[in-house]
$ cat start.cif   # mmCIF, C-alpha atoms
data_query
#
loop_
_atom_site.label_atom_id
_atom_site.label_comp_id
_atom_site.auth_asym_id
_atom_site.auth_seq_id
_atom_site.Cartn_x
_atom_site.Cartn_y
_atom_site.Cartn_z
CA MET A 1 0.00 0.00 0.00
CA LEU A 2 2.89 2.38 0.69
CA GLN A 3 3.96 2.14 -2.96
CA VAL A 4 0.51 3.33 -3.97
CA ILE A 5 0.64 6.31 -1.61
CA GLY A 6 4.11 7.38 -2.72
CA LYS A 7 3.31 7.24 -6.42
CA ARG A 8 -0.04 8.98 -6.02
CA VAL A 9 1.30 11.74 -3.77
CA THR A 10 4.02 12.44 -6.33
CA ALA A 11 1.60 12.36 -9.27
CA VAL A 12 -0.97 14.65 -7.67
CA ARG A 13 1.69 17.02 -6.28
CA GLU A 14 3.25 17.39 -9.73
CA ALA A 15 -0.16 17.75 -11.40
CA ARG A 16 -0.94 20.60 -8.97
CA GLY A 17 2.42 22.23 -9.75
CA LEU A 18 3.63 22.02 -6.15
CA SER A 19 7.16 21.47 -4.92
CA GLN A 20 7.78 19.11 -2.04
CA THR A 21 8.46 22.16 0.14
CA GLN A 22 5.14 23.77 -0.82
CA LEU A 23 3.23 20.55 -0.20
CA ALA A 24 4.96 20.11 3.14
CA ALA A 25 3.93 23.62 4.21
CA ASN A 26 0.32 23.09 3.06
CA ALA A 27 0.09 19.69 4.79
CA GLY A 28 1.82 20.71 8.02
CA LEU A 29 4.63 18.22 7.43
CA THR A 30 8.33 18.57 6.69
CA ARG A 31 9.87 18.39 3.24
CA SER A 32 11.86 15.35 4.32
CA GLN A 33 8.64 13.58 5.35
CA ILE A 34 7.17 14.30 1.91
CA SER A 35 10.33 13.00 0.26
CA ARG A 36 10.27 9.79 2.32
CA VAL A 37 6.57 9.23 1.53
CA GLU A 38 7.18 9.73 -2.19
CA LYS A 39 10.17 7.37 -2.14
CA ASP A 40 8.20 4.76 -0.19
CA GLN A 41 10.65 5.14 2.69
CA GLN A 42 8.13 6.37 5.26
CA PRO A 43 7.19 3.23 7.18
CA GLY A 44 3.61 3.23 8.35
CA VAL A 45 2.43 6.62 7.14
CA LEU A 46 0.14 7.84 9.89
CA ALA A 47 -3.53 8.21 9.07
CA VAL A 48 -3.31 11.85 10.14
CA ALA A 49 -0.51 12.46 7.64
CA VAL A 50 -2.52 10.80 4.85
CA GLY A 51 -5.46 13.05 5.69
CA GLN A 52 -3.23 16.12 5.77
CA LEU A 53 -1.67 15.18 2.42
CA ALA A 54 -5.08 14.56 0.86
CA ALA A 55 -6.39 17.93 2.07
CA ALA A 56 -3.26 19.77 0.88
CA LEU A 57 -3.48 18.06 -2.54
CA HIS A 58 -7.25 18.64 -2.85
CA THR A 59 -7.88 14.91 -3.24
CA THR A 60 -9.13 12.14 -0.97
CA SER A 61 -7.31 9.83 1.38
CA ASP A 62 -9.14 6.95 -0.33
CA TYR A 63 -7.42 7.91 -3.58
CA LEU A 64 -3.98 8.16 -1.97
CA LEU A 65 -4.48 4.79 -0.29
CA GLY A 66 -5.48 3.15 -3.58
CA LEU A 67 -9.06 2.46 -2.48
CA THR A 68 -10.44 4.40 -5.45
CA ASP A 69 -9.06 5.56 -8.77
CA ASP A 70 -11.00 8.83 -8.65
CA PRO A 71 -8.86 11.64 -7.20
CA THR A 72 -11.77 14.10 -7.20
CA PRO A 73 -12.86 15.06 -3.70
CA PRO A 74 -16.57 15.31 -2.93
CA LEU A 75 -18.15 18.74 -2.94
CA PRO A 76 -17.60 20.51 0.36
CA VAL A 77 -20.49 20.75 2.78
CA ASP A 78 -20.63 23.52 5.34
CA TRP A 79 -22.04 21.61 8.29
CA ARG A 80 -21.56 24.64 10.53
CA ALA A 81 -24.69 26.05 8.90
CA ASP A 82 -26.71 23.15 10.36
CA PRO A 83 -24.82 21.30 13.10
CA GLU A 84 -27.95 19.36 14.11
CA ARG A 85 -28.02 17.80 10.66
CA LEU A 86 -24.39 16.76 11.07
CA VAL A 87 -25.23 15.05 14.36
CA ARG A 88 -28.18 13.25 12.74
CA VAL A 89 -26.10 12.12 9.76
CA HIS A 90 -23.37 10.91 12.10
CA ARG A 91 -25.86 8.92 14.20
CA LEU A 92 -27.35 7.41 11.05
CA VAL A 93 -23.97 6.36 9.70
CA GLU A 94 -22.95 4.89 13.06
CA ARG A 95 -26.09 2.75 13.10
CA VAL A 96 -25.78 1.60 9.50
CA VAL A 97 -22.12 0.55 9.77
CA ARG A 98 -22.97 -1.71 12.73
CA LEU A 99 -25.47 -3.67 10.63
CA PRO A 100 -24.62 -6.80 8.67
CA ARG A 101 -23.35 -6.02 5.17
CA GLU A 102 -26.52 -7.33 3.49
CA ARG A 103 -28.71 -4.94 5.50
CA GLN A 104 -26.33 -2.07 4.79
CA GLU A 105 -26.72 -2.73 1.07
CA ARG A 106 -30.53 -2.83 1.32
CA ILE A 107 -30.59 0.45 3.24
CA MET A 108 -28.30 2.14 0.71
CA ASP A 109 -30.43 0.83 -2.17
CA ALA A 110 -33.59 2.13 -0.47
CA MET A 111 -32.01 5.55 0.12
CA LEU A 112 -30.89 5.79 -3.51
CA THR A 113 -34.39 4.83 -4.66
CA LEU A 114 -35.91 7.56 -2.48
CA LEU A 115 -33.46 10.12 -3.86
CA GLU A 116 -34.26 9.07 -7.42
CA LEU A 117 -38.00 9.32 -6.71
CA GLY A 118 -37.41 12.81 -5.38
CA ASP A 119 -35.55 13.72 -8.57
CA VAL A 120 -38.44 12.41 -10.69
CA ALA A 121 -40.91 14.32 -8.55
CA ASN A 122 -38.94 17.54 -9.00
CA GLU A 123 -38.68 17.04 -12.75
CA GLN A 124 -42.43 16.44 -13.08
CA ASP A 125 -43.47 19.03 -10.47
CA ILE A 126 -45.07 16.41 -8.24
CA GLU A 127 -45.15 16.76 -4.50
CA ALA A 128 -43.06 13.98 -2.91
CA ALA A 129 -45.95 12.98 -0.64
CA ASP A 130 -48.19 12.53 -3.70
CA LEU A 131 -45.53 10.41 -5.40
CA ARG A 132 -45.27 8.12 -2.35
CA ARG A 133 -49.07 7.71 -2.37
CA GLY A 134 -48.94 6.76 -6.04
CA ALA A 135 -50.67 9.86 -7.38
CA SER A 136 -50.36 10.46 -11.09
CA PRO A 137 -48.39 13.41 -12.36
CA PRO A 138 -50.45 16.42 -13.44
CA ASP A 139 -51.57 16.29 -17.07
CA PRO A 140 -49.77 19.15 -18.84
CA ASP A 141 -52.52 19.29 -21.52
CA ALA A 142 -55.36 19.64 -19.02
CA ASP A 143 -56.45 23.25 -18.64
#
$ encode --input "start.cif" --output "structure tokens"
Amino acid sequence: MLQVIGKRVTAVREARGLSQTQLAANAGLTRSQISRVEKDQQPGVLAVAVGQLAAALHTTSDYLLGLTDDPTPPLPVDWRADPERLVRVHRLVERVVRLPRERQERIMDAMLTLLELGDVANEQDIEAADLRRGASPPDPDAD
């Protein structure tokens, strides 16, 4: 896994036009730490360092660790605007990850279906409650 991190840190750093010194400053690390990571000489890169590198490179730790091939980070969410929502999302995630994998998959499928239904409702100007009750979309020719 270290080989993946080193290669990906180097590739993203160079793609962003950063020197090792600039990356080190942005990530709160030293240039020698960056050099050792890139040369696969940093044994057991700490999770904190991976997170700092990902943030400084505007990518994800999953990408640096080789868990995904997509270096694009998700869109930022300003949870400070609604901290109660953050607490609710955190509680939901905590509960879901404790479930057996099969139940996790069913819950994720159900959530995606609900989101897709909401998208359809928005496109057809249907109230979500009407869609759940099985109401037909308004007839655009009726007037």
$ closest_residue --input "start.cif" --among "A:His58, A:Arg36, A:Val89, A:Pro73" --to "Leu18 of chain A" --atoms "only C-alpha atoms"
A:His58
$ residues_near_point --input "start.cif" --point "(-5.6, 20.1, 5.5)" --cutoff "12 Å" --atoms "all atoms listed in the file" --output "list in words"
Leu23, Ala24, Ala25, Asn26, Ala27, Gly28, Leu29, Val48, Ala49, Val50, Gly51, Gln52, Leu53, Ala54, Ala55, Ala56, Leu57, His58, Thr59, Thr60 and Ser61 of chain A
$ atom_distance --input "start.cif" --atom1 "atom CA of Val9 of chain A" --atom2 "atom CA of Gly66 of chain A"
10.9 Å
$ atom_distance --input "start.cif" --atom1 "atom CA of Asp69 of chain A" --atom2 "atom CA of Glu14 of chain A"
17.1 Å
$ residues_around --input "start.cif" --residues "Ser19 of chain A" --least-positions-apart "6" --cutoff "10 Å" --atoms "only C-alpha atoms" --output "ChimeraX atom specification"
/A:10,13,25,31,34
$ atom_distance --input "start.cif" --atom1 "atom CA of Gly118 of chain A" --atom2 "atom CA of Arg88 of chain A"
20.3 Å
$ resolve_selection --input "start.cif" --expression "the PyMOL selection byres ((chain A and resi 7) around 12)" --output "MDAnalysis selection string"
chainID A and resid 1:6 8:14 34:41 63:66
$ write_last_selection --input "start.cif" --atoms "C-alpha atoms" --output "compact mmCIF listing (two decimals), keeping the file's coordinate frame"
# COMPACT_ATOMS: atom_id res chain seq x y z
CA MET A 1 0.00 0.00 0.00
CA LEU A 2 2.89 2.38 0.69
CA GLN A 3 3.96 2.14 -2.96
CA VAL A 4 0.51 3.33 -3.97
CA ILE A 5 0.64 6.31 -1.61
CA GLY A 6 4.11 7.38 -2.72
CA ARG A 8 -0.04 8.98 -6.02
CA VAL A 9 1.30 11.74 -3.77
CA THR A 10 4.02 12.44 -6.33
CA ALA A 11 1.60 12.36 -9.27
CA VAL A 12 -0.97 14.65 -7.67
CA ARG A 13 1.69 17.02 -6.28
CA GLU A 14 3.25 17.39 -9.73
CA ILE A 34 7.17 14.30 1.91
CA SER A 35 10.33 13.00 0.26
CA ARG A 36 10.27 9.79 2.32
CA VAL A 37 6.57 9.23 1.53
CA GLU A 38 7.18 9.73 -2.19
CA LYS A 39 10.17 7.37 -2.14
CA ASP A 40 8.20 4.76 -0.19
CA GLN A 41 10.65 5.14 2.69
CA TYR A 63 -7.42 7.91 -3.58
CA LEU A 64 -3.98 8.16 -1.97
CA LEU A 65 -4.48 4.79 -0.29
CA GLY A 66 -5.48 3.15 -3.58
$ closest_residue --input "start.cif" --among "A:Pro76, A:Asp62, A:Glu84, A:Leu92" --to "Ile107 of chain A" --atoms "all atoms listed in the file"
A:Leu92
